[in-house]
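Everything below belongs to run-v5.cif, which stores mmCIF, C-alpha atoms.
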data_entry
loop_
_atom_site.label_atom_id
_atom_site.label_comp_id
_atom_site.auth_asym_id
_atom_site.auth_seq_id
_atom_site.Cartn_x
_atom_site.Cartn_y
_atom_site.Cartn_z
CA MET U 1 14.48 13.52 -9.00
CA ASP U 2 14.23 13.27 -12.80
CA THR U 3 10.59 13.16 -13.86
CA ASP U 4 8.74 12.72 -17.11
CA HIS U 5 5.34 13.89 -15.96
CA THR U 6 2.20 12.48 -17.44
CA VAL U 7 -0.76 14.66 -18.34
CA HIS U 8 -3.58 14.02 -15.88
CA ALA U 9 -7.02 13.31 -17.33
CA GLY U 10 -6.48 15.69 -20.22
CA THR U 11 -6.16 18.75 -17.99
CA GLY U 12 -2.47 19.50 -18.53
CA THR U 13 -1.49 18.87 -14.93
CA ALA U 14 1.36 16.83 -13.47
CA THR U 15 0.31 14.10 -11.05
CA LEU U 16 1.73 13.47 -7.58
CA LEU U 17 0.75 10.23 -5.84
CA ILE U 18 0.78 10.03 -2.02
CA ASP U 19 0.32 6.97 0.18
CA ALA U 20 -0.08 8.07 3.80
CA GLY U 21 0.12 4.87 5.82
CA ASN U 22 -0.05 4.37 9.56
CA THR U 23 3.68 4.92 10.00
CA ARG U 24 5.16 6.46 6.85
CA VAL U 25 4.34 8.59 3.84
CA LYS U 26 5.30 7.20 0.44
CA TRP U 27 5.06 9.34 -2.66
CA GLY U 28 5.99 9.49 -6.31
CA TRP U 29 5.33 11.22 -9.62
CA LEU U 30 3.17 9.56 -12.25
CA GLN U 31 5.14 9.14 -15.49
CA ARG U 32 3.94 9.34 -19.07
CA ASP U 33 4.20 5.58 -19.47
CA GLY U 34 1.99 4.99 -16.41
CA SER U 35 4.86 4.01 -14.11
CA VAL U 36 5.73 5.75 -10.85
CA ALA U 37 8.98 7.56 -10.07
CA ALA U 38 8.99 6.96 -6.32
CA GLY U 39 10.53 9.43 -3.92
CA THR U 40 12.08 8.79 -0.51
CA PRO U 41 9.50 7.70 2.10
CA TYR U 42 9.45 9.46 5.45
CA ALA U 43 7.95 8.86 8.88
CA HIS U 44 5.10 11.06 10.05
CA ALA U 45 7.11 12.19 13.05
CA ASP U 46 10.17 13.17 10.99
CA SER U 47 9.58 16.86 10.26
CA ALA U 48 12.99 17.27 8.63
CA ALA U 49 12.29 14.47 6.16
CA ALA U 50 8.84 15.92 5.46
CA ALA U 51 10.44 19.28 4.67
CA GLN U 52 12.92 17.53 2.38
CA ALA U 53 10.03 15.82 0.57
CA SER U 54 8.35 19.21 0.11
CA ALA U 55 11.55 20.60 -1.37
CA SER U 56 11.67 17.64 -3.75
CA TRP U 57 8.08 18.29 -4.79
CA ARG U 58 8.86 21.95 -5.42
CA ALA U 59 11.95 21.14 -7.47
CA ALA U 60 10.20 18.53 -9.63
CA ALA U 61 6.87 20.28 -10.18
CA PRO U 62 6.24 22.18 -13.42
CA VAL U 63 6.15 25.92 -12.76
CA ASP U 64 3.45 26.67 -15.35
CA LYS U 65 0.88 23.99 -14.45
CA PRO U 66 -1.16 23.00 -11.43
CA VAL U 67 -0.43 19.65 -9.80
CA ALA U 68 -3.03 16.92 -9.36
CA ILE U 69 -2.54 15.00 -6.11
CA TRP U 70 -4.03 11.53 -5.73
CA LEU U 71 -4.05 10.65 -2.05
CA CYS U 72 -4.65 7.44 -0.10
CA ASN U 73 -4.62 8.37 3.59
CA VAL U 74 -5.31 5.93 6.44
CA ALA U 75 -3.36 7.95 9.02
CA GLY U 76 -6.14 10.34 10.00
CA PRO U 77 -7.16 14.00 9.65
CA ALA U 78 -4.01 15.49 11.18
CA VAL U 79 -1.85 13.90 8.49
CA ASP U 80 -4.27 15.10 5.81
CA ILE U 81 -3.96 18.68 7.10
CA ALA U 82 -0.16 18.41 7.20
CA LEU U 83 0.02 17.10 3.63
CA ARG U 84 -2.21 19.88 2.34
CA ALA U 85 0.01 22.43 4.07
CA GLN U 86 3.09 20.84 2.47
CA ALA U 87 1.48 21.03 -0.95
CA ALA U 88 0.41 24.64 -0.47
CA ALA U 89 3.99 25.55 0.43
CA ALA U 90 5.55 23.51 -2.38
CA PHE U 91 3.53 24.44 -5.45
CA ALA U 92 3.07 27.76 -7.19
CA HIS U 93 -0.50 26.87 -8.19
CA ASP U 94 -3.35 25.46 -6.15
CA ALA U 95 -3.17 21.67 -6.10
CA GLN U 96 -6.11 19.61 -7.33
CA TRP U 97 -6.77 16.96 -4.67
CA HIS U 98 -8.22 13.54 -5.41
CA PRO U 99 -8.57 11.72 -2.05
CA VAL U 100 -9.44 8.07 -2.58
CA ALA U 101 -11.89 6.11 -0.42
CA SER U 102 -13.20 2.59 -0.80
CA SER U 103 -16.25 2.23 -2.99
CA ALA U 104 -18.45 -0.49 -4.47
CA ALA U 105 -16.43 -0.46 -7.70
CA ALA U 106 -13.55 1.43 -9.31
CA ALA U 107 -11.20 1.01 -12.28
CA GLY U 108 -12.66 -2.39 -13.19
CA MET U 109 -12.52 -3.73 -9.61
CA ARG U 110 -15.60 -4.77 -7.62
CA ASN U 111 -15.66 -4.62 -3.84
CA GLY U 112 -16.94 -7.80 -2.18
CA TYR U 113 -17.06 -6.31 1.33
CA ARG U 114 -20.49 -6.48 2.98
CA ASN U 115 -20.18 -2.72 3.53
CA PRO U 116 -17.79 -1.52 0.80
CA THR U 117 -17.00 1.77 2.54
CA GLN U 118 -15.71 -0.14 5.60
CA LEU U 119 -12.78 -1.54 3.65
CA GLY U 120 -9.56 0.36 4.35
CA ALA U 121 -8.62 2.66 1.49
CA ASP U 122 -5.07 1.29 1.47
CA ARG U 123 -6.28 -2.30 1.01
CA TRP U 124 -8.67 -1.21 -1.74
CA VAL U 125 -6.08 0.82 -3.64
CA SER U 126 -3.44 -1.93 -3.22
CA ALA U 127 -5.89 -4.42 -4.71
CA ILE U 128 -6.50 -2.09 -7.67
CA GLY U 129 -2.76 -1.76 -8.18
CA ALA U 130 -2.15 -5.51 -7.96
CA ARG U 131 -4.89 -6.28 -10.46
CA ALA U 132 -3.56 -3.63 -12.84
CA LEU U 133 -0.13 -5.28 -12.68
CA TRP U 134 -1.40 -8.87 -12.96
CA PRO U 135 -4.76 -8.75 -14.76
CA GLY U 136 -6.78 -11.94 -15.09
CA THR U 137 -4.83 -13.67 -12.29
CA PRO U 138 -6.20 -14.79 -8.90
CA LEU U 139 -4.15 -12.94 -6.31
CA LEU U 140 -3.28 -13.20 -2.63
CA VAL U 141 -2.00 -9.73 -1.72
CA VAL U 142 0.05 -9.66 1.49
CA THR U 143 0.92 -6.22 2.86
CA ALA U 144 3.28 -6.37 5.83
CA GLY U 145 3.25 -3.02 7.58
CA THR U 146 2.00 -1.76 10.93
CA ALA U 147 -0.69 -4.35 10.40
CA THR U 148 -0.37 -7.36 8.13
CA THR U 149 -3.25 -7.74 5.69
CA LEU U 150 -4.01 -10.73 3.45
CA ASP U 151 -6.47 -10.02 0.66
CA VAL U 152 -7.86 -12.19 -2.14
CA ILE U 153 -8.68 -10.82 -5.58
CA THR U 154 -10.40 -13.06 -8.10
CA ALA U 155 -9.31 -13.38 -11.72
CA ASP U 156 -12.34 -11.39 -12.87
CA GLY U 157 -11.64 -8.47 -10.54
CA MET U 158 -13.57 -9.09 -7.33
CA PHE U 159 -12.08 -8.12 -3.98
CA ARG U 160 -13.33 -11.15 -2.06
CA GLY U 161 -12.12 -10.25 1.41
CA GLY U 162 -9.23 -11.17 3.61
CA MET U 163 -7.58 -11.12 7.02
CA ILE U 164 -6.04 -8.49 9.29
CA LEU U 165 -3.48 -9.36 11.95
CA PRO U 166 -0.92 -7.36 13.91
CA GLY U 167 2.25 -6.59 12.02
CA LEU U 168 5.57 -8.08 13.07
CA SER U 169 6.59 -5.04 15.12
CA LEU U 170 3.19 -4.83 16.82
CA MET U 171 3.44 -8.51 17.74
CA THR U 172 6.86 -8.19 19.34
CA ARG U 173 6.01 -4.93 21.12
CA SER U 174 2.78 -6.38 22.51
CA LEU U 175 4.74 -9.21 24.16
CA ALA U 176 7.17 -6.73 25.73
CA ARG U 177 4.38 -4.46 27.00
CA GLY U 178 2.06 -7.21 28.19
CA THR U 179 4.58 -9.28 30.14
CA ALA U 180 6.95 -8.59 33.02
CA GLN U 181 10.10 -10.29 31.73
CA LEU U 182 9.98 -10.57 27.93
CA PRO U 183 12.20 -8.02 26.14
CA ASP U 184 11.33 -5.90 23.15
CA VAL U 185 12.76 -7.18 19.87
CA PRO U 186 13.30 -4.06 17.75
CA ALA U 187 14.01 -5.89 14.50
CA ILE U 188 13.55 -9.38 13.08
CA THR U 189 16.47 -10.32 10.87
CA PRO U 190 16.35 -13.70 9.12
CA PRO U 191 17.68 -16.29 8.90
CA LEU U 192 16.42 -17.57 12.22
CA PRO U 193 17.12 -21.03 13.67
CA ALA U 194 14.56 -23.81 13.46
CA TRP U 195 14.48 -23.85 17.27
CA ALA U 196 15.50 -20.71 19.16
CA ASP U 197 17.98 -21.10 22.03
CA ASN U 198 17.54 -17.58 23.44
CA THR U 199 14.54 -15.40 24.29
CA GLN U 200 15.05 -12.74 21.62
CA ASP U 201 15.23 -15.32 18.84
CA ALA U 202 12.30 -17.22 20.35
CA ILE U 203 10.11 -14.12 20.14
CA ALA U 204 11.29 -13.30 16.63
CA LEU U 205 10.79 -16.87 15.44
CA GLY U 206 7.36 -17.16 17.04
CA CYS U 207 6.04 -13.92 15.57
CA LEU U 208 7.49 -14.59 12.14
CA SER U 209 6.09 -18.14 12.14
CA ALA U 210 2.64 -16.82 13.10
CA GLN U 211 2.69 -14.43 10.15
CA CYS U 212 3.88 -17.07 7.71
CA GLY U 213 1.34 -19.57 9.06
CA ALA U 214 -1.51 -17.17 8.33
CA ILE U 215 -0.19 -16.57 4.81
CA GLN U 216 0.20 -20.32 4.20
CA LEU U 217 -3.37 -20.96 5.42
CA ALA U 218 -4.77 -18.24 3.16
CA TRP U 219 -2.77 -19.61 0.21
CA GLU U 220 -4.07 -23.14 0.77
CA ARG U 221 -7.65 -21.87 0.98
CA LEU U 222 -7.19 -19.98 -2.28
CA LEU U 223 -5.74 -23.06 -3.97
CA ALA U 224 -8.68 -25.15 -2.71
CA ASP U 225 -11.17 -22.62 -4.09
CA LEU U 226 -9.45 -22.63 -7.46
CA ALA U 227 -9.22 -26.43 -7.58
CA SER U 228 -13.01 -26.64 -7.60
CA SER U 229 -13.27 -24.22 -10.53
CA THR U 230 -14.04 -25.53 -14.01
CA THR U 231 -11.25 -23.37 -15.41
CA PRO U 232 -8.54 -23.22 -12.73
CA ILE U 233 -5.95 -20.46 -13.13
CA ARG U 234 -2.59 -20.44 -11.40
CA PRO U 235 -2.71 -17.86 -8.59
CA ARG U 236 0.02 -15.49 -7.50
CA CYS U 237 1.04 -14.36 -4.00
CA ILE U 238 2.21 -10.74 -3.85
CA LEU U 239 4.32 -9.50 -0.93
CA SER U 240 4.51 -5.79 -0.17
CA GLY U 241 5.17 -3.51 2.78
CA GLY U 242 8.05 -2.63 5.07
CA ALA U 243 8.30 -6.08 6.70
CA SER U 244 8.01 -8.04 3.44
CA ASP U 245 11.73 -8.88 3.38
CA ALA U 246 11.46 -10.73 6.68
CA LEU U 247 8.41 -12.65 5.47
CA ALA U 248 10.02 -13.44 2.13
CA ALA U 249 13.00 -15.06 3.85
CA ALA U 250 10.73 -17.39 5.83
CA LEU U 251 7.94 -18.30 3.40
CA THR U 252 7.99 -21.64 1.59
CA LEU U 253 5.26 -20.87 -0.95
CA PRO U 254 5.96 -19.09 -4.27
CA TYR U 255 5.65 -15.30 -4.15
CA THR U 256 6.40 -12.10 -6.01
CA GLN U 257 7.75 -9.15 -4.05
CA TYR U 258 6.53 -5.72 -5.16
CA ASP U 259 6.86 -2.51 -3.21
CA ASN U 260 4.56 0.50 -3.48
CA LEU U 261 1.36 -1.30 -4.44
CA VAL U 262 -0.71 1.65 -3.18
CA LEU U 263 1.19 4.02 -5.47
CA ALA U 264 0.60 1.60 -8.35
CA GLY U 265 -3.11 1.61 -7.54
CA LEU U 266 -3.22 5.40 -7.36
CA ALA U 267 -1.44 5.56 -10.72
CA HIS U 268 -4.07 3.27 -12.24
CA LEU U 269 -6.91 5.32 -10.76
CA ALA U 270 -5.36 8.56 -11.99
CA THR U 271 -5.14 7.23 -15.54
CA HIS U 272 -8.56 5.53 -15.44
CA PRO U 273 -10.78 8.07 -13.64
CA ALA U 274 -14.46 7.16 -13.61
CA THR U 275 -15.77 10.62 -12.77
CA PRO U 276 -13.32 13.55 -12.82
CA SER U 277 -13.50 15.43 -9.55
CA ALA U 278 -11.15 17.52 -7.50
CA THR U 279 -10.83 19.71 -4.45
CA PHE U 280 -8.38 22.55 -4.21
CA VAL U 281 -6.01 23.72 -1.51
CA GLY U 282 -7.85 26.46 0.32
CA ASP U 283 -11.28 25.24 -0.77
CA PRO U 284 -13.55 25.21 2.33
CA SER U 285 -15.04 21.89 1.15
CA ALA U 286 -11.61 20.22 1.11
#
Can you give me the file's structure in the form of structure tokens?
Amino acid sequence: MDTDHTVHAGTGTATLLIDAGNTRVKWGWLQRDGSVAAGTPYAHADSAAAAQASASWRAAAPVDKPVAIWLCNVAGPAVDIALRAQAAAAFAHDAQWHPVASSAAAAGMRNGYRNPTQLGADRWVSAIGARALWPGTPLLVVTAGTATTLDVITADGMFRGGMILPGLSLMTRSLARGTAQLPDVPAITPPLPAWADNTQDAIALGCLSAQCGAIQLAWERLLADLASSTTPIRPRCILSGGASDALAAALTLPYTQYDNLVLAGLAHLATHPATPSATFVGDPSA
């Protein structure tokens, strides 16, 4: 991968961004212009792909500087340990780790959750990334992954809250596991008929319609909130995540598709750090 590394927080380090989701790891290098050069995602269970990612990190990292790693991990401690081991094997110098958790405020965003630390780090960092990309715009951020999340961000930078529902794959698998005769539908591939004439399409259509119905309801609520404002601003719906293509093909409301929102949020946090802090590979406090 060709990289044009940015300098992290004035320390002379290159910056690696890692989004460890429930199913896959996404990663990329922060560039001097603030963009992200994304690498190839890999599944947690795919050890060969993880080794290939480590080799890519080693090949792209500067040999004379430590690497700063900004991490958003919602996959648990075992994945954290594995990523730290990968970094230790990949880099000649100890990596400076910046694990991100939800907080009351960060990078100009305010957290409207009743208990700010309860908000998933991936939702928080995605919101920061979306606001950095579309500042001053009311946003409905839809992330279609293992779970589907719908989050509202106000024009002035408040994470208002949102919804969590099972992702498309979880919906279809739950029907197969919880019933005696319904089959598993491994993939939903639009276009689907208006009325399904076979069981596989009926499951796919039902699950996809449920997802789109929740998005439509959230969109209408956001529009209603904005209509009562003295200075209404046109909102934007952002679609992200592995199942966003299926949703995009079925939605009737306007949307913008953008992948790697978490990486965009990590990039914004890395270039707008509130309080510089780091942990190091091998540090007992890590």
**Request:** To verify the selection step, state as a PyMOL selection string which residues the PyMOL selection byres ((chain U and resi 28) around 12) yields on this input.
**Result:** chain U and resi 1-5+14-20+25-27+29-31+34-41+53-54+56-57+60-61+69-71+260-264+266-267
Atoms kept (C-alpha atoms) for selection, written as a CSV table (one decimal), keeping the file's coordinate frame:
chain,number,residue,atom,x,y,z
U,1,MET,CA,14.5,13.5,-9.0
U,2,ASP,CA,14.2,13.3,-12.8
U,3,THR,CA,10.6,13.2,-13.9
U,4,ASP,CA,8.7,12.7,-17.1
U,5,HIS,CA,5.3,13.9,-16.0
U,14,ALA,CA,1.4,16.8,-13.5
U,15,THR,CA,0.3,14.1,-11.0
U,16,LEU,CA,1.7,13.5,-7.6
U,17,LEU,CA,0.8,10.2,-5.8
U,18,ILE,CA,0.8,10.0,-2.0
U,19,ASP,CA,0.3,7.0,0.2
U,20,ALA,CA,-0.1,8.1,3.8
U,25,VAL,CA,4.3,8.6,3.8
U,26,LYS,CA,5.3,7.2,0.4
U,27,TRP,CA,5.1,9.3,-2.7
U,29,TRP,CA,5.3,11.2,-9.6
U,30,LEU,CA,3.2,9.6,-12.2
U,31,GLN,CA,5.1,9.1,-15.5
U,34,GLY,CA,2.0,5.0,-16.4
U,35,SER,CA,4.9,4.0,-14.1
U,36,VAL,CA,5.7,5.8,-10.8
U,37,ALA,CA,9.0,7.6,-10.1
U,38,ALA,CA,9.0,7.0,-6.3
U,39,GLY,CA,10.5,9.4,-3.9
U,40,THR,CA,12.1,8.8,-0.5
U,41,PRO,CA,9.5,7.7,2.1
U,53,ALA,CA,10.0,15.8,0.6
U,54,SER,CA,8.4,19.2,0.1
U,56,SER,CA,11.7,17.6,-3.8
U,57,TRP,CA,8.1,18.3,-4.8
U,60,ALA,CA,10.2,18.5,-9.6
U,61,ALA,CA,6.9,20.3,-10.2
U,69,ILE,CA,-2.5,15.0,-6.1
U,70,TRP,CA,-4.0,11.5,-5.7
U,71,LEU,CA,-4.0,10.6,-2.0
U,260,ASN,CA,4.6,0.5,-3.5
U,261,LEU,CA,1.4,-1.3,-4.4
U,262,VAL,CA,-0.7,1.6,-3.2
U,263,LEU,CA,1.2,4.0,-5.5
U,264,ALA,CA,0.6,1.6,-8.4
U,266,LEU,CA,-3.2,5.4,-7.4
U,267,ALA,CA,-1.4,5.6,-10.7
**Asked** Looking at U:Leu208, U:Val67, U:Ala250, U:Val152, which one is nearest to Tyr113 (chain U), with distances taken over all atoms listed in the file?
**Response**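 Looking only at the distances to Tyr113 (chain U), the closest residue turns out to be U:Val152.
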Each residue of region 25-52 of chain U lying at most 12 Å from region 87-97 of chain U should get a row with its shortest atom-to-atom pair and the distance in Å to one decimal, counting all atoms listed in the file; could you produce that, ordered by chain and increasing number, as JSON lines?
{"residue": "U:Ala50", "atom": "CA", "partner": "U:Ala87", "partner_atom": "CA", "distance": 11.0}
{"residue": "U:Ala51", "atom": "CA", "partner": "U:Ala90", "partner_atom": "CA", "distance": 9.6}
{"residue": "U:Gln52", "atom": "CA", "partner": "U:Ala90", "partner_atom": "CA", "distance": 10.6}
**Message:** Nearest residue to Asp225 (chain U) out of U:Thr154, U:Ser103, U:Gln118, U:Thr149, using all atoms listed in the file?
**Reply:**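 Once distances to Asp225 (chain U) are computed over all atoms listed in the file, the minimum belongs to U:Thr154.
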**Message:** As an exercise, work out the distance from CA of Asp197 (chain U) to CA of Ala248 (chain U) in Å and give it to one decimal place.
**Reply:**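 Answer for the CA of Asp197 (chain U) to CA of Ala248 (chain U) separation: 22.8 Å.
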Report the residues retrieved by the PyMOL selection byres ((chain U and resi 125) around 9) from the displayed file, expressed as a PDB file with C-alpha atoms, in the frame of the given file.
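Writing the result to expr_14.pdb gives the following:
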ATOM      1  CA  CYS U  72      -4.650   7.440  -0.100  1.00  0.00           C
ATOM      2  CA  VAL U 100      -9.440   8.070  -2.580  1.00  0.00           C
ATOM      3  CA  ALA U 101     -11.890   6.110  -0.420  1.00  0.00           C
ATOM      4  CA  SER U 102     -13.200   2.590  -0.800  1.00  0.00           C
ATOM      5  CA  GLY U 120      -9.560   0.360   4.350  1.00  0.00           C
ATOM      6  CA  ALA U 121      -8.620   2.660   1.490  1.00  0.00           C
ATOM      7  CA  ASP U 122      -5.070   1.290   1.470  1.00  0.00           C
ATOM      8  CA  ARG U 123      -6.280  -2.300   1.010  1.00  0.00           C
ATOM      9  CA  TRP U 124      -8.670  -1.210  -1.740  1.00  0.00           C
ATOM     10  CA  SER U 126      -3.440  -1.930  -3.220  1.00  0.00           C
ATOM     11  CA  ALA U 127      -5.890  -4.420  -4.710  1.00  0.00           C
ATOM     12  CA  ILE U 128      -6.500  -2.090  -7.670  1.00  0.00           C
ATOM     13  CA  GLY U 129      -2.760  -1.760  -8.180  1.00  0.00           C
ATOM     14  CA  ALA U 130      -2.150  -5.510  -7.960  1.00  0.00           C
ATOM     15  CA  LEU U 261       1.360  -1.300  -4.440  1.00  0.00           C
ATOM     16  CA  VAL U 262      -0.710   1.650  -3.180  1.00  0.00           C
ATOM     17  CA  LEU U 263       1.190   4.020  -5.470  1.00  0.00           C
ATOM     18  CA  ALA U 264       0.600   1.600  -8.350  1.00  0.00           C
ATOM     19  CA  GLY U 265      -3.110   1.610  -7.540  1.00  0.00           C
ATOM     20  CA  LEU U 266      -3.220   5.400  -7.360  1.00  0.00           C
ATOM     21  CA  LEU U 269      -6.910   5.320 -10.760  1.00  0.00           C
TER      22      LEU U 269
END
**Residue among U:Asn22, U:Thr117, U:Leu83, U:Thr199 lying closest to Ser47 (chain U), counting only C-alpha atoms** =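 Going through U:Asn22, U:Thr117, U:Leu83, U:Thr199 one by one, the smallest distance to Ser47 (chain U) is for U:Leu83.
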**Request:** Go through U:Leu192, U:Ala132, U:Ala214, U:Ala204 one by one, measure the shortest atom-to-atom distance of each to Ile164 (chain U) using only C-alpha atoms, and give the residue with the smallest value.
**Result:**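 Smallest distance to Ile164 (chain U) is found for U:Ala214.
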**Prompt:** When distances are computed from only C-alpha atoms, which of U:Leu170, U:Cys212, U:Ala107, U:Ala180 shows the smallest separation from Thr23 (chain U)?
**Reply:**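 Ranking U:Leu170, U:Cys212, U:Ala107, U:Ala180 by distance to Thr23 (chain U), first place goes to U:Leu170.
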**Message:** If the PyMOL selection byres ((chain U and resi 227-232) around 12) were run on this exact file, what residues would it hold? Put them as a list in words.
**Reply:**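 Selected by the PyMOL selection byres ((chain U and resi 227-232) around 12) here: Gly136, Thr137, Pro138, Thr154, Ala155, Glu220, Arg221, Leu222, Leu223, Ala224, Asp225, Leu226, Ile233, Arg234 and Pro235 of chain U.
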Kindly reconstruct region 9-28 of chain U with N, CA, C and O atoms and present the result as a PDB file, in the frame of the given file.
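Result file follows (result-v7.pdb):
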ATOM      1  N   ALA U   9      -5.622  13.243 -16.911  1.00  0.00           N
ATOM      2  CA  ALA U   9      -7.020  13.310 -17.330  1.00  0.00           C
ATOM      3  C   ALA U   9      -7.271  14.440 -18.330  1.00  0.00           C
ATOM      4  O   ALA U   9      -8.330  15.055 -18.345  1.00  0.00           O
ATOM      5  N   GLY U  10      -6.283  14.708 -19.180  1.00  0.00           N
ATOM      6  CA  GLY U  10      -6.480  15.690 -20.220  1.00  0.00           C
ATOM      7  C   GLY U  10      -6.475  17.133 -19.750  1.00  0.00           C
ATOM      8  O   GLY U  10      -6.814  18.039 -20.509  1.00  0.00           O
ATOM      9  N   THR U  11      -6.081  17.398 -18.525  1.00  0.00           N
ATOM     10  CA  THR U  11      -6.160  18.750 -17.990  1.00  0.00           C
ATOM     11  C   THR U  11      -4.843  19.486 -18.048  1.00  0.00           C
ATOM     12  O   THR U  11      -4.774  20.663 -17.678  1.00  0.00           O
ATOM     13  N   GLY U  12      -3.761  18.843 -18.463  1.00  0.00           N
ATOM     14  CA  GLY U  12      -2.470  19.500 -18.530  1.00  0.00           C
ATOM     15  C   GLY U  12      -1.758  19.615 -17.201  1.00  0.00           C
ATOM     16  O   GLY U  12      -0.859  20.432 -17.043  1.00  0.00           O
ATOM     17  N   THR U  13      -2.128  18.811 -16.233  1.00  0.00           N
ATOM     18  CA  THR U  13      -1.490  18.870 -14.930  1.00  0.00           C
ATOM     19  C   THR U  13      -0.518  17.715 -14.748  1.00  0.00           C
ATOM     20  O   THR U  13      -0.671  16.662 -15.351  1.00  0.00           O
ATOM     21  N   ALA U  14       0.497  17.925 -13.899  1.00  0.00           N
ATOM     22  CA  ALA U  14       1.360  16.830 -13.470  1.00  0.00           C
ATOM     23  C   ALA U  14       0.692  16.154 -12.282  1.00  0.00           C
ATOM     24  O   ALA U  14      -0.098  16.759 -11.565  1.00  0.00           O
ATOM     25  N   THR U  15       1.030  14.891 -12.056  1.00  0.00           N
ATOM     26  CA  THR U  15       0.310  14.100 -11.050  1.00  0.00           C
ATOM     27  C   THR U  15       1.251  13.558  -9.996  1.00  0.00           C
ATOM     28  O   THR U  15       2.156  12.781 -10.294  1.00  0.00           O
ATOM     29  N   LEU U  16       1.002  13.956  -8.742  1.00  0.00           N
ATOM     30  CA  LEU U  16       1.730  13.470  -7.580  1.00  0.00           C
ATOM     31  C   LEU U  16       0.868  12.442  -6.863  1.00  0.00           C
ATOM     32  O   LEU U  16      -0.320  12.682  -6.629  1.00  0.00           O
ATOM     33  N   LEU U  17       1.452  11.313  -6.517  1.00  0.00           N
ATOM     34  CA  LEU U  17       0.750  10.230  -5.840  1.00  0.00           C
ATOM     35  C   LEU U  17       1.278  10.133  -4.412  1.00  0.00           C
ATOM     36  O   LEU U  17       2.491  10.110  -4.205  1.00  0.00           O
ATOM     37  N   ILE U  18       0.362  10.072  -3.425  1.00  0.00           N
ATOM     38  CA  ILE U  18       0.780  10.030  -2.020  1.00  0.00           C
ATOM     39  C   ILE U  18       0.049   8.901  -1.303  1.00  0.00           C
ATOM     40  O   ILE U  18      -1.183   8.825  -1.333  1.00  0.00           O
ATOM     41  N   ASP U  19       0.826   8.060  -0.653  1.00  0.00           N
ATOM     42  CA  ASP U  19       0.320   6.970   0.180  1.00  0.00           C
ATOM     43  C   ASP U  19       0.684   7.274   1.620  1.00  0.00           C
ATOM     44  O   ASP U  19       1.833   7.105   2.029  1.00  0.00           O
ATOM     45  N   ALA U  20      -0.306   7.756   2.395  1.00  0.00           N
ATOM     46  CA  ALA U  20      -0.080   8.070   3.800  1.00  0.00           C
ATOM     47  C   ALA U  20      -0.524   6.896   4.643  1.00  0.00           C
ATOM     48  O   ALA U  20      -1.716   6.733   4.924  1.00  0.00           O
ATOM     49  N   GLY U  21       0.421   6.037   5.023  1.00  0.00           N
ATOM     50  CA  GLY U  21       0.120   4.870   5.820  1.00  0.00           C
ATOM     51  C   GLY U  21       0.131   5.184   7.300  1.00  0.00           C
ATOM     52  O   GLY U  21       0.267   6.344   7.711  1.00  0.00           O
ATOM     53  N   ASN U  22      -0.006   4.162   8.118  1.00  0.00           N
ATOM     54  CA  ASN U  22      -0.050   4.370   9.560  1.00  0.00           C
ATOM     55  C   ASN U  22       1.260   4.886  10.134  1.00  0.00           C
ATOM     56  O   ASN U  22       1.265   5.576  11.157  1.00  0.00           O
ATOM     57  N   THR U  23       2.373   4.557   9.466  1.00  0.00           N
ATOM     58  CA  THR U  23       3.680   4.920  10.000  1.00  0.00           C
ATOM     59  C   THR U  23       4.435   5.899   9.103  1.00  0.00           C
ATOM     60  O   THR U  23       5.063   6.834   9.579  1.00  0.00           O
ATOM     61  N   ARG U  24       4.348   5.677   7.784  1.00  0.00           N
ATOM     62  CA  ARG U  24       5.160   6.460   6.850  1.00  0.00           C
ATOM     63  C   ARG U  24       4.322   7.028   5.723  1.00  0.00           C
ATOM     64  O   ARG U  24       3.214   6.577   5.447  1.00  0.00           O
ATOM     65  N   VAL U  25       4.901   8.029   5.062  1.00  0.00           N
ATOM     66  CA  VAL U  25       4.340   8.590   3.840  1.00  0.00           C
ATOM     67  C   VAL U  25       5.222   8.154   2.669  1.00  0.00           C
ATOM     68  O   VAL U  25       6.438   8.374   2.695  1.00  0.00           O
ATOM     69  N   LYS U  26       4.610   7.528   1.685  1.00  0.00           N
ATOM     70  CA  LYS U  26       5.300   7.200   0.440  1.00  0.00           C
ATOM     71  C   LYS U  26       4.717   8.087  -0.662  1.00  0.00           C
ATOM     72  O   LYS U  26       3.528   8.392  -0.653  1.00  0.00           O
ATOM     73  N   TRP U  27       5.543   8.458  -1.603  1.00  0.00           N
ATOM     74  CA  TRP U  27       5.060   9.340  -2.660  1.00  0.00           C
ATOM     75  C   TRP U  27       5.862   9.126  -3.936  1.00  0.00           C
ATOM     76  O   TRP U  27       6.943   8.534  -3.924  1.00  0.00           O
ATOM     77  N   GLY U  28       5.304   9.588  -5.033  1.00  0.00           N
ATOM     78  CA  GLY U  28       5.990   9.490  -6.310  1.00  0.00           C
ATOM     79  C   GLY U  28       5.247  10.262  -7.381  1.00  0.00           C
ATOM     80  O   GLY U  28       4.072  10.619  -7.221  1.00  0.00           O
TER      81      GLY U  28
END
